Structure formats: C-alpha cells, structure tokens
There are 2 protein chains.
Amino acid sequence: MPVRNAQFELIRRDGKARRGSFLTAHGRIQTPVFMPVGTCATVKGLTPEMVLGTGAQILLANTYHLAIRPGDELIASLGGLHKFMNWNLPILTDSGGFQVFSLAEMRKITDQGVSFRSHIDGALLELNPERAIRIQENLGSDIAMCLDECPPFGCTPDHLKKAVIRSIDWAGRCLEAQTREDQLLFGIVQGGTDLSLREFCAQRLVELGFPGYALGGFSVGETPEQMAQALAPCADFLPENKPRYLMGVGRPVDLLRAVASGIDMFDCVMPTRNGRNAMAFTHSGDARLRNAMHRGSPEPLDPECGCYCCQNFTRGYLHHLFQTEEMLGPTLVSIHNLHFYADLMAGARASIETGTFDAYVTNCLGRWGLER
Amino acid sequence: MPVRNAQFELIRRDGKARRGSFLTAHGRIQTPVFMPVGTCATVKGLTPEMVLGTGAQILLANTYHLAIRPGDELIASLGGLHKFMNWNLPILTDSGGFQVFSLAEMRKITDQGVSFRSHIDGALLELNPERAIRIQENLGSDIAMCLDECPPFGCTPDHLKKAVIRSIDWAGRCLEAQTREDQLLFGIVQGGTDLSLREFCAQRLVELGFPGYALGGFSVGETPEQMAQALAPCADFLPENKPRYLMGVGRPVDLLRAVASGIDMFDCVMPTRNGRNAMAFTHSGDARLRNAMHRGSPEPLDPECGCYCCQNFTRGYLHHLFQTEEMLGPTLVSIHNLHFYADLMAGARASIETGTFDAYVTNCLGRWGLER
C-alpha cells in the first residue's frame with residue numbers, strides 16, 4: 001500500500017500530551033506508542049507471537065546490525081524484513097548512523113558520508129544518506145529514518161552546529177534518494193540541549209517536508225532533568241499534524257514526561273535488556289528477581305499484570321530460573337517488561353482521551369515511589 | 001487420582017514392537033513415547049505451551065538438580081513440580097542416582113546410600129533410597145524412579161554384580177518408603193551387557209512388583225551395536241503387561257531399534273541440546289544450521305514438518321540467528337527437534353497399529369542415509 005503521507009490524526013489533546021494515530025503500509029498505529037527493539041531481526045528471546053501478545057504495535061530494527069549481518073540485500077532476496085522475521089505489523093528501522101557513532105571503530109566522517117570498520121569483523125564499510133535509504137528500502141521497513149550525525153553530549157558548540165548543518169543536508173539527500181512509495185521517511189532533529197539550534201534544525205527539516213519527525217541526540221549523556229527541560233520546547237518546534245518520535249528513550253518515567261511534552265513515539269532496549277538481567281518493571285516499582293527475597297515466593301511478578309508471565313508463574317519460579325541461568329527466565333521477564341511498557345502507553349492513551357493524563361502520571365509516579 | 005497401578009494396556013504387537021497406553025495421575029500416555037528433558041523444571045528455552053505444541057505427552061525432570069536448586073521442599077511448598085513449572089501433563093522424575101554418579105564430586109557409596117558433594121557449591125549431601133523417594137514425593141511427579149547404582153561401562157564383573165545386588169536391595173527399600181498413592185514407582189534393571197546379570201536383576205525386581213520397569217546402564221559408553229544386541233533379550237526379561245522404559249537413549253535410530261526390541265518409553269537431552277547447538281534432525285537427515293550453505297536459504301528447515309519453526313521461518317533466518325548468537329535460534333531448533341522426536345514416535349505408534357512397523361523403520365533409515 002503506498003503511504004508516503006502518514007495521515008496523522010490528532011484525536012485529542014490533554015495539555016501538551018497528544019492522543020493520535022497514523023497509517024503505515026502494515027497498518028495503523030495508535031499513539032503514544034512504545035516500540036520494542038528487535039536489533040538483529042528478533043526481539044531477543046521472544047517469538048513474534050510473544051511480542052504480539054505483549055500488546056506491541058510496531059517493532060524497531062537496527063539498520064547497522066542488519067546491513068552487516070546478514071546483509072540488507074540478502075534480506076531483500078528473502079522477501080524483506082517482515083517476511084524474514086515473520087512479523088506482519090509495522091517495522092521502523094533507524095538509519096544506522098547512531099550505531100556507526102557508538103559501536104563502529106575508526107570512523108572517518110566527511111560531508112559525503114562516514115566510513116568505518118565493522119565492530120564484528122573489522123571490515124571497512126561506508127554509510128552515506130543514499131546508502132542509508134537504499135539499505136532501509138531493501139529491508140522494506142514501514143518507517144525509515146534519515147541518516148544524521150549524532151554528536152556526543154558535551155561536544156563543542158562548533159561541533160554541535162556542524163553536526164546540525166550536516167544532518168539537515170543529509171536529510172535533504174535522503175528525501176531525494178527515496179524510491180519506495182510504501183515507506184514513511186522521518187527527519188531527525190539534532191542540536192543537543194541548545195534550543196536555538198534545535199529550532200533552526202526543526203525549521204529546515206519542516207521546510208524539506210517529512211511525514212514524521214524524530215528528536216535525536218537525547219539520552220546520550222545529559223541528565224534526565226536536562227532532557228526533560230529541553231523536550232517540551234523541542235516538541236513545540238514540530239508540526240502539530242505529524243507524529244513525533246523521541247529516539248532511544250527510556251525509563252517508564254521518561255516516557256510519561258515525554259508524552260506530557262507532546263511526544264508520540266518511543267523505543268528503548270531497557271525492557272528487554274533489563275528483563276534478561278532479571279530486573280522487572282512492575283506497578284509497584286522495580287523488582288530484582290535474583291534477590292533472595294523472591295526465593296520460594298508464591299506471588300506473581302506483578303499481581304496487576306495480565307501478561308503471560310504473571311498469569312502463569314510465580315516469583316519463586318522466576319528466581320529459580322535466574323539462579324540456574326535458564327533461558328526461560330530472560331524470556332519471561334522480557335515478555336512482562338514489554339507488556340508493562342505497552343500497558344503504560346495504553347494507559348496514557350486512555351487517560352489523554354478522558355482528559356486525565358496529569359492524574360495518570362501522578363498516580364504512576366506515586367506508586368513507583370518517584371516524585372513528579 | 002490414586003494410581004499405584006499403571007493399568008498398562010497392550011493395544012497391538014508388531015514383531016516385538018508394542019503399541020500400548022497407560023494411566024498416570026495427570027492423564028493417559030500413548031506408547032511408544034519420547035519424553036523431553038526439563039532438567040531444572042524447564043525445557044531449556046521453551047515455554048510449557050511450546051513443549052505441548054511439539055506433541056509431548058510427558059516430561060522428564062531431574063531429581064538431583066531440583067533437590068539442589070531450588071530444593072524439593074521449596075517446590076512442595078509451592079504446590080509441587082507441575083504447578084511450579086506450569087506443566088499439567090505427566091512428569092517422570094529420575095532418582096538422582098545417575099547424576100550423583102556422573103556430576104557430583106567426592107562420591108562415597110555404601111550399602112546404606114551415597115554421600116557426595118554438590119557440583120554447584122560443593123555442599124555435602126546424602127542420597128539413599130528413602131531420601132530419593134521422599135524428594136520425588138515432594139516434587140509430586142507422576143512416575144518416580146528407584147534409586148540404583150549405575151556402574152560405568154567396562155567396570156569389573158565383580159563391581160557390576162555388586163551394583164546389581166545393591167540396586168535390587170535399594171529397589172525394595174524404595175517400594176517400602178513410598179507413601180503417595182498417586183505416583184507410579186518404576187524399578188530399574190542394571191547389569192550392563194551381561195545378559196545373565198540383567199535377567200537375574202529383572203527377575204528379582206519383578207518379584208518385588210513394580211507398575212513399570214526401566215533399563216538403566218545403557219548408553220553409558222558401550223557402542224550402539226553392543227546396546228542394540230543386548231536390548232531385545234533384556235526387554236524379553238520384562239513382563240508383557242507393564243511399560244518398559246530405556247533410560248537416557250538416544251538418537252532417532254536408537255529409538256526405532258529399541259522400539260523394535262520391545263521398548264515403550266525414552267528420554268534424552270539430544271533434541272534440545274543439539275537444537276541449542278544449531279543441529280537439527282530432519283526427515284532427510286541431519287542439518288547443521290551454522291553451515292554457510294544455509295546462508296540466505298529460502299527453504300524451511302524441514303519441508304515435511306508441521307512444527308512452528310518449519311511453518312514460519314526459513315533456513316536462512318535460522319542461520320542468521322545462530323550467526324548472531326540470538327536466543328531465538330536455540331529455541332526454534334529445539335522446538336523443531338522435539339517435534340521431530342514426537343512425530344517419529346507417532347509414526348511408530350501408527351505403523352505398529354497397522355502392522356507395518358518394519359517398513360516404517362526401513363523407510364526412515366533409508367531417508368536418513370543409514371543402514372538397518
């Protein structure tokens with residue numbers, strides 16, 4: 001289905017928080033939404049049916065990892081990423097840029113693009129805007145991201161400004177390079193915590209015209225408070241009638257604060273990575289399942305949770321699985337955490353619809369033992 | 001449900017091969033049957049629903065591992081093993097003896113029992129017939145096994161004979177120690193490849209009277225040919241009207257040969273352990289999924305298989321999962337291998353019913369590239 005325009009529908013506002021929906025080639029997405037991360041074309045330890053069962057509407061997959069292994073052309077030859085991993089709902093792919101800057105070795109960046117060595121086998125590779133689009137078109141994701149330069153937190157103002165200029169230039173080249181009609185291309189606003197630079201970047205990207213916009217360069221070293229302060233004005237720089245995606249964030253409290261600032265979409269490895277390490281998010285705060293207090297516990301992980309893990313197993317069993325290093329422990333707690341994140345966003349959507357989002361946030365934070 | 005007697009029903013014979021069924025507290029089992037191994041109260045990497053989906057009728061869990069971690073009394077306090085691991089079909093537990101002889105350190109064995117150090121933390125532990133029954137009653141398995149001494153292959157005739165005498169003595173003590181009405185206790189015939197010793201042991205155990213009998217001490221170092229030669233006479237020593245269980249065996253070909261010798265029940269870690277190591281059993285022989293020949297393959301793992309893995313994923317995707325060391329690879333191939341084993345036994349049952357078991361074996365071995 002050709003969808004160059006996301007047809008974003010703003011259903012309801014509650015303060016700055018937005019309840020919306022938009023269309024992709026693999027279906028409509030209800031926002032605010034959290035996207036589980038399936039880096040290598042699999043959400044670690046879970047079947048697609050398990051991911052679906054957590055309430056996920058859309059997955060994120062990583063272009064950098066997939067371009068290296070197994071290769072985007074191989075995935076294209078097998079019918080694209082959806083078929084490859086047997087996931088029939090929407091997929092968003094990042095551009096690969098963030099991983100080039102965080103994982104790869106011997107980066108050399110010019111206005112043309114970036115050359116680097118693979119973190120797997122040291123092979124010399126190149127990424128530029130045209131290649132980033134080509135890879136994502138081979139993968140066949142529903143939402144593709146522009147290649148951008150994500151400078152580290154605390155870089156010089158000059159470095160930050162040059163990265164913004166370059167990201168704008170690359171965004172234009174990405175738009176030019178796009179050939180598929182069934183893929184939404186999102187622009188990425190950079191600028192760190194410099195609001196005037198963020199505004200400048202957002203304006204130039206809006207002039208180019210994208211069906212959606214992301215805020216990049218957050219959660220890269222700044223404090224949660226610095227991020228929270230910058231988010232609301234940054235969201236205000238973006239058009240009302242397009243989805244807004246905060247990349248790589250974050251903890252449940254970060255998601256609620258960002259929704260309150262007007263953000264619609266999120267992704268983060270935290271629910272799955274923490275789940276693999278026996279750390280669970282629950283309605284009454286965090287639980288660490290390796291802790292001896294859970295030994296022999298007949299209680300479910302979260303008595304208020306309807307997920308497969310909480311409906312069928314005890315904390316005592318989960319503790320045992322982590323003590324014996326059984327694979328099922330990471331799988332079950334990942335399922336629970338993804339369900340918790342999906343539930344949190346469903347609660348946000350419902351409370352925005354009834355104009356009670358502020359009370360929802362206050363209630364959540366209070367139960368987690370956090371301040372507003 | 002009180003079931004001290006398995007009420008074994010011999011439905012049909014085809015040569016020495018037997019098509020039967022018997023009753024446990026958690027339901028009736030159709031034989032020949034293969035039991036997946038869930039050592040630590042989980043089949044590694046699989047949810048109970050996944051195991052069920054492979055066609056499994058009954059699981060095996062390991063008494064030694066569970067008594068050490070999390071402890072049989074803890075499991076009893078959480079309602080028993082079925083509830084602990086959320087598995088509502090039958091469970092067989094071994095006695096713990098085999099692991100004491102293969103895993104534990106500093107064993108000291110007397111007629112009274114065996115003391116040893118845990119392979120986990122070196123704790124000094126004791127196992128004797130009464131304790132083996134007590135643990136298994138705490139676990140609440142449907143089928144418990146007598147504690148026996150399993151001497152290594154190639155031990156002296158004197159050692160072998162003493163182990164048999166001791167195993168018979170311990171079997172009597174296990175029978176005495178039993179208190180639960182809902183648990184079937186199986187006796188274990190030892191004697192290595194010494195047929196007269198096997199016969200002697202079988203006769204003594206039958207005099208004691210068990211609802212089922214196992215052949216222990218096979219697949220402990222002898223060649224497959226030595227095992228195959230000893231199996232048929234050993235099976236003949238056992239009563240017709242009781243289930244016969246060959247412990248810890250084995251490859252698909254071993255199962256078919258053993259069924260042909262009159263064996264009804266099997267367990268082995270091979271389908272799951274090999275699955276975790278990217279080795280799959282298929283209708284056309286073994287497949288090693290890390291092999292570069294599978295890179296980019298659009299073929300299912302086994303086109304004749306109806307399992308979840310084969311219905312939804314390609315060899316190319318499985319190869320990718322193992323190359324990237326993703327947990328889903330071991331999970332999917334374990335599902336497939338367990339389904340393959342369950343299917344193999346279903347085919348054996350069907351062919352015995354129609355008197356065509358011999359042709360079934362010939363056909364299977366031919367397709368796997370093996371001789372009879």
# chains A, B, ... in the order shown; residues from 1 in each chain; ligands from 1

$ residues_around --residues "Gly329 (chain A)" --least-positions-apart "3" --cutoff "8 Å" --atoms "only C-alpha atoms" --output "VMD selection string"
chain A and resid 276 278 318 321 to 322 325 to 326 332 to 333

$ write_last_selection --atoms "N, CA and C atoms" --output "compact mmCIF listing (two decimals), in the first residue's frame"
# COMPACT_ATOMS: atom_id res chain seq x y z
N ARG A 276 16.38 -9.44 30.59
CA ARG A 276 17.37 -10.52 30.51
C ARG A 276 18.25 -10.54 31.75
N ALA A 278 17.15 -9.97 34.81
CA ALA A 278 16.32 -10.28 35.99
C ALA A 278 15.73 -9.04 36.64
N LEU A 318 10.55 -17.73 38.89
CA LEU A 318 11.44 -16.83 38.13
C LEU A 318 12.81 -16.73 38.81
N LEU A 321 14.72 -19.76 37.95
CA LEU A 321 15.22 -19.75 36.57
C LEU A 321 16.49 -18.90 36.45
N PHE A 322 16.53 -17.76 37.14
CA PHE A 322 17.74 -16.92 37.06
C PHE A 322 18.88 -17.53 37.86
N GLU A 325 20.34 -20.03 35.70
CA GLU A 325 20.72 -19.46 34.40
C GLU A 325 19.97 -20.11 33.25
N GLU A 326 18.69 -20.37 33.47
CA GLU A 326 17.86 -20.96 32.43
C GLU A 326 17.35 -19.87 31.48
N LEU A 332 10.76 -14.84 29.96
CA LEU A 332 9.54 -14.49 30.69
C LEU A 332 9.57 -13.04 31.18
N VAL A 333 10.70 -12.58 31.70
CA VAL A 333 10.73 -11.21 32.24
C VAL A 333 10.75 -10.19 31.10

$ interface_residues --of "chain A" --to "chain B" --cutoff "9 Å" --atoms "only C-alpha atoms" --output "PyMOL selection string"
chain A and resi 40-47+69-70+74-75+77-78+83-86+295-298+312-314+316-317+320-321+323-324+326-329+331-332

$ write_last_selection --atoms "C-alpha atoms" --output "PDB file, in the first residue's frame"
ATOM      1  CA  CYS A  40      19.062  -8.293  14.661  1.00  0.00           C
ATOM      2  CA  ALA A  41      15.574  -9.053  13.264  1.00  0.00           C
ATOM      3  CA  THR A  42      14.480 -10.691  16.519  1.00  0.00           C
ATOM      4  CA  VAL A  43      13.365  -9.310  19.853  1.00  0.00           C
ATOM      5  CA  LYS A  44      15.906 -11.192  21.951  1.00  0.00           C
ATOM      6  CA  GLY A  45      14.489 -14.456  23.304  1.00  0.00           C
ATOM      7  CA  LEU A  46      10.929 -13.917  22.074  1.00  0.00           C
ATOM      8  CA  THR A  47       8.941 -15.331  19.167  1.00  0.00           C
ATOM      9  CA  ARG A  69      24.714  -9.427   9.280  1.00  0.00           C
ATOM     10  CA  PRO A  70      23.045 -10.943   7.316  1.00  0.00           C
ATOM     11  CA  LEU A  74      20.086 -10.984   1.490  1.00  0.00           C
ATOM     12  CA  ILE A  75      17.009  -9.903   3.475  1.00  0.00           C
ATOM     13  CA  SER A  77      16.139 -11.591  -1.557  1.00  0.00           C
ATOM     14  CA  LEU A  78      14.145 -13.409   1.127  1.00  0.00           C
ATOM     15  CA  LYS A  83       8.837 -11.986   5.966  1.00  0.00           C
ATOM     16  CA  PHE A  84      12.399 -12.762   7.139  1.00  0.00           C
ATOM     17  CA  MET A  85      11.468 -12.432  10.817  1.00  0.00           C
ATOM     18  CA  ASN A  86       7.778 -13.358  10.432  1.00  0.00           C
ATOM     19  CA  ARG A 295      13.152 -17.388  46.791  1.00  0.00           C
ATOM     20  CA  GLY A 296      10.100 -19.594  47.219  1.00  0.00           C
ATOM     21  CA  SER A 297       7.693 -16.699  46.730  1.00  0.00           C
ATOM     22  CA  PRO A 298       4.217 -17.874  45.644  1.00  0.00           C
ATOM     23  CA  ASN A 312       1.288 -18.476  34.811  1.00  0.00           C
ATOM     24  CA  PHE A 313       4.388 -18.285  37.011  1.00  0.00           C
ATOM     25  CA  THR A 314       5.482 -17.233  40.499  1.00  0.00           C
ATOM     26  CA  GLY A 316       9.753 -18.122  43.233  1.00  0.00           C
ATOM     27  CA  TYR A 317       9.914 -19.880  39.857  1.00  0.00           C
ATOM     28  CA  HIS A 320      14.878 -20.247  40.357  1.00  0.00           C
ATOM     29  CA  LEU A 321      15.224 -19.746  36.568  1.00  0.00           C
ATOM     30  CA  GLN A 323      19.630 -18.836  39.770  1.00  0.00           C
ATOM     31  CA  THR A 324      20.035 -21.761  37.391  1.00  0.00           C
ATOM     32  CA  GLU A 326      17.856 -20.958  32.425  1.00  0.00           C
ATOM     33  CA  MET A 327      16.930 -19.212  29.158  1.00  0.00           C
ATOM     34  CA  LEU A 328      13.268 -19.125  30.126  1.00  0.00           C
ATOM     35  CA  GLY A 329      13.949 -16.516  32.839  1.00  0.00           C
ATOM     36  CA  THR A 331      12.278 -14.720  28.042  1.00  0.00           C
ATOM     37  CA  LEU A 332       9.536 -14.489  30.687  1.00  0.00           C
TER      38      LEU A 332
END

$ residues_around --residues "Leu370 (chain A)" --least-positions-apart "6" --cutoff "12 Å" --atoms "only C-alpha atoms" --output "MDAnalysis selection string"
chainID A and resid 252:254 284:286 361:364

$ write_last_selection --atoms "N, CA and C atoms" --output "short mmCIF file (atom, residue, chain, number, x, y, z; two decimals), in the first residue's frame"
data_model
loop_
_atom_site.label_atom_id
_atom_site.label_comp_id
_atom_site.auth_asym_id
_atom_site.auth_seq_id
_atom_site.Cartn_x
_atom_site.Cartn_y
_atom_site.Cartn_z
N PRO A 252 10.33 4.12 32.23
CA PRO A 252 8.90 4.45 32.23
C PRO A 252 8.63 5.91 32.58
N VAL A 253 9.33 6.44 33.58
CA VAL A 253 9.11 7.83 33.98
C VAL A 253 9.50 8.79 32.86
N ASP A 254 10.56 8.46 32.10
CA ASP A 254 10.96 9.31 30.98
C ASP A 254 9.87 9.35 29.90
N SER A 284 4.15 -1.64 41.15
CA SER A 284 4.56 -1.10 42.46
C SER A 284 6.07 -0.87 42.51
N GLY A 285 6.69 -0.66 41.36
CA GLY A 285 8.11 -0.35 41.33
C GLY A 285 8.95 -1.51 40.81
N ASP A 286 10.27 -1.31 40.78
CA ASP A 286 11.17 -2.31 40.19
C ASP A 286 11.32 -3.54 41.09
N VAL A 361 -0.27 10.31 35.37
CA VAL A 361 1.17 10.41 35.62
C VAL A 361 1.44 10.49 37.12
N THR A 362 0.67 11.34 37.82
CA THR A 362 0.85 11.48 39.26
C THR A 362 0.66 10.14 39.97
N ASN A 363 -0.35 9.41 39.56
CA ASN A 363 -0.64 8.12 40.16
C ASN A 363 0.48 7.11 39.89
N CYS A 364 0.93 7.04 38.64
CA CYS A 364 2.02 6.11 38.29
C CYS A 364 3.26 6.42 39.11
#

$ residues_around --residues "region 340-346 of chain B" --least-positions-apart "4" --cutoff "8 Å" --atoms "only C-alpha atoms" --output "list of chain:residue names"
B:Thr31, B:Pro32, B:Val33, B:Phe34, B:Thr54, B:Gly55, B:Ala56, B:Pro252, B:Pro271, B:Phe281, B:Thr282, B:Cys305, B:His336, B:Ala350

$ write_last_selection --atoms "C-alpha atoms" --output "mmCIF file, in the first residue's frame"
data_model
loop_
_atom_site.group_PDB
_atom_site.id
_atom_site.type_symbol
_atom_site.label_atom_id
_atom_site.label_comp_id
_atom_site.auth_asym_id
_atom_site.auth_seq_id
_atom_site.Cartn_x
_atom_site.Cartn_y
_atom_site.Cartn_z
ATOM 1 C CA THR B 31 3.361 -45.588 23.803
ATOM 2 C CA PRO B 32 5.931 -45.758 22.308
ATOM 3 C CA VAL B 33 6.608 -42.306 23.719
ATOM 4 C CA PHE B 34 9.561 -39.910 23.885
ATOM 5 C CA THR B 54 5.646 -30.219 19.838
ATOM 6 C CA GLY B 55 3.342 -33.127 20.698
ATOM 7 C CA ALA B 56 4.986 -34.047 24.008
ATOM 8 C CA PRO B 252 16.369 -41.315 16.383
ATOM 9 C CA PRO B 271 16.876 -32.995 20.665
ATOM 10 C CA PHE B 281 17.080 -33.675 12.873
ATOM 11 C CA THR B 282 15.033 -33.684 9.666
ATOM 12 C CA CYS B 305 7.497 -30.894 9.192
ATOM 13 C CA HIS B 336 11.683 -28.480 15.770
ATOM 14 C CA ALA B 350 0.617 -45.668 13.775
#

$ closest_residue --among "A:Ala17, A:Met35, A:Ala104, A:Ala359" --to "Val259 (chain A)" --atoms "only C-alpha atoms"
A:Ala17

$ closest_residue --among "A:Gly187, A:Pro303, A:Gly217, A:Gly15" --to "Gly355 (chain A)" --atoms "only C-alpha atoms"
A:Gly15

$ residues_around --residues "region 189-205 of chain B" --least-positions-apart "5" --cutoff "8 Å" --atoms "only C-alpha atoms" --output "list in words"
Glu149, Cys150, Phe153, Leu160, Lys161, Ala163, Val164, Ile165, Ser167, Ile168, Ala171, Phe210, Tyr213, Ala214, Leu215, Gly216, Gly217, Phe218, Gln226, Met227, Ala230, Pro233, Cys234, Phe237 and Leu238 of chain B

$ write_last_selection --atoms "C-alpha atoms" --output "short mmCIF file (atom, residue, chain, number, x, y, z; two decimals), in the first residue's frame"
data_model
loop_
_atom_site.label_atom_id
_atom_site.label_comp_id
_atom_site.auth_asym_id
_atom_site.auth_seq_id
_atom_site.Cartn_x
_atom_site.Cartn_y
_atom_site.Cartn_z
CA GLU B 149 23.76 -47.78 41.25
CA CYS B 150 24.77 -47.24 37.65
CA PHE B 153 30.79 -49.32 31.18
CA LEU B 160 28.91 -54.86 38.07
CA LYS B 161 27.47 -57.71 40.16
CA ALA B 163 25.96 -52.83 41.76
CA VAL B 164 23.13 -55.12 40.67
CA ILE B 165 22.72 -56.65 44.15
CA SER B 167 20.25 -51.85 43.15
CA ILE B 168 17.85 -54.70 43.92
CA ALA B 171 14.56 -51.02 44.91
CA PHE B 210 6.52 -52.57 40.12
CA TYR B 213 10.36 -51.25 34.60
CA ALA B 214 13.32 -49.35 33.22
CA LEU B 215 16.55 -50.49 31.63
CA GLY B 216 19.37 -48.43 33.13
CA GLY B 217 23.07 -48.56 32.39
CA PHE B 218 22.72 -48.28 28.63
CA GLN B 226 26.54 -53.55 21.81
CA MET B 227 23.47 -51.77 23.13
CA ALA B 230 21.57 -56.51 24.43
CA PRO B 233 16.85 -60.05 25.27
CA CYS B 234 16.72 -57.54 28.13
CA PHE B 237 13.08 -60.41 30.66
CA LEU B 238 10.36 -57.87 31.50
#

$ closest_residue --among "B:Ala67, B:Leu10, B:Leu23, B:Leu231" --to "Tyr245 (chain B)" --atoms "only C-alpha atoms"
B:Leu231

$ select_by_dssp --residues "region 83-253 of chain B" --states "strand (DSSP E)" --output "ChimeraX atom specification"
/B:91-93,105-109,114-117,124-127,143-145,184-189,212-215,244-246

$ write_last_selection --atoms "C-alpha atoms" --output "short mmCIF file (atom, residue, chain, number, x, y, z; two decimals), in the first residue's frame"
data_model
loop_
_atom_site.label_atom_id
_atom_site.label_comp_id
_atom_site.auth_asym_id
_atom_site.auth_seq_id
_atom_site.Cartn_x
_atom_site.Cartn_y
_atom_site.Cartn_z
CA ILE B 91 6.05 -35.77 34.69
CA LEU B 92 8.62 -38.50 35.31
CA THR B 93 11.45 -37.84 37.73
CA GLU B 105 32.28 -34.84 43.33
CA MET B 106 33.80 -36.99 46.09
CA ARG B 107 31.23 -39.75 45.98
CA LYS B 108 31.27 -42.28 48.77
CA ILE B 109 28.94 -45.20 48.27
CA VAL B 114 25.73 -42.40 48.74
CA SER B 115 27.28 -39.21 50.08
CA PHE B 116 28.67 -36.65 47.67
CA ARG B 117 29.44 -33.00 47.14
CA LEU B 124 28.00 -32.26 51.35
CA LEU B 125 24.79 -34.15 50.56
CA GLU B 126 23.40 -37.63 51.00
CA LEU B 127 21.13 -39.73 48.87
CA ILE B 143 6.31 -41.52 37.73
CA ALA B 144 9.18 -41.88 40.20
CA MET B 145 12.28 -43.99 39.70
CA LEU B 184 3.94 -44.82 39.92
CA LEU B 185 7.31 -46.20 41.04
CA PHE B 186 9.41 -47.89 38.35
CA GLY B 187 12.17 -50.40 39.07
CA ILE B 188 15.47 -50.15 37.18
CA VAL B 189 17.24 -53.17 35.75
CA GLY B 212 6.74 -50.32 35.28
CA TYR B 213 10.36 -51.25 34.60
CA ALA B 214 13.32 -49.35 33.22
CA LEU B 215 16.55 -50.49 31.63
CA ARG B 244 9.26 -50.59 29.61
CA TYR B 245 11.50 -47.54 29.72
CA LEU B 246 15.02 -47.30 28.23
#

$ closest_residue --among "A:Arg19, A:Glu176, A:Ile11, A:Ala132" --to "Tyr64 (chain A)" --atoms "only C-alpha atoms"
A:Ala132

$ closest_residue --among "A:Pro129, A:Pro48, A:Pro90, A:Gly97" --to "Ile29 (chain A)" --atoms "only C-alpha atoms"
A:Pro90

$ atom_distance --atom1 "CA of His294 (chain B)" --atom2 "CA of Ala280 (chain B)"
12.5 Å

$ select_by_dssp --residues "region 11-70 of chain A" --states "alpha helix (DSSP H)" --output "list in words"
Pro48, Glu49, Met50, Val51, Leu52, Gly53, Thr63, Tyr64, His65, Leu66, Ala67 and Ile68 of chain A

$ residues_around --residues "Gln7 (chain B)" --least-positions-apart "5" --cutoff "10 Å" --atoms "only C-alpha atoms" --output "list in words"
Ser21, Phe22, Leu23, Thr24, Arg28, Pro211, Gly212, Asn241, Lys242 and Pro243 of chain B

$ write_last_selection --atoms "C-alpha atoms" --output "short mmCIF file (atom, residue, chain, number, x, y, z; two decimals), in the first residue's frame"
data_model
loop_
_atom_site.label_atom_id
_atom_site.label_comp_id
_atom_site.auth_asym_id
_atom_site.auth_seq_id
_atom_site.Cartn_x
_atom_site.Cartn_y
_atom_site.Cartn_z
CA SER B 21 -1.04 -46.99 26.73
CA PHE B 22 -1.04 -46.50 30.48
CA LEU B 23 -2.51 -44.26 33.12
CA THR B 24 -0.85 -41.67 35.35
CA ARG B 28 -3.02 -41.40 29.93
CA PRO B 211 3.98 -50.87 37.84
CA GLY B 212 6.74 -50.32 35.28
CA ASN B 241 1.79 -56.16 30.90
CA LYS B 242 3.96 -53.30 32.19
CA PRO B 243 5.54 -50.30 30.46
#

$ atom_distance --atom1 "CA of Val100 (chain A)" --atom2 "CA of Val220 (chain A)"
14.3 Å
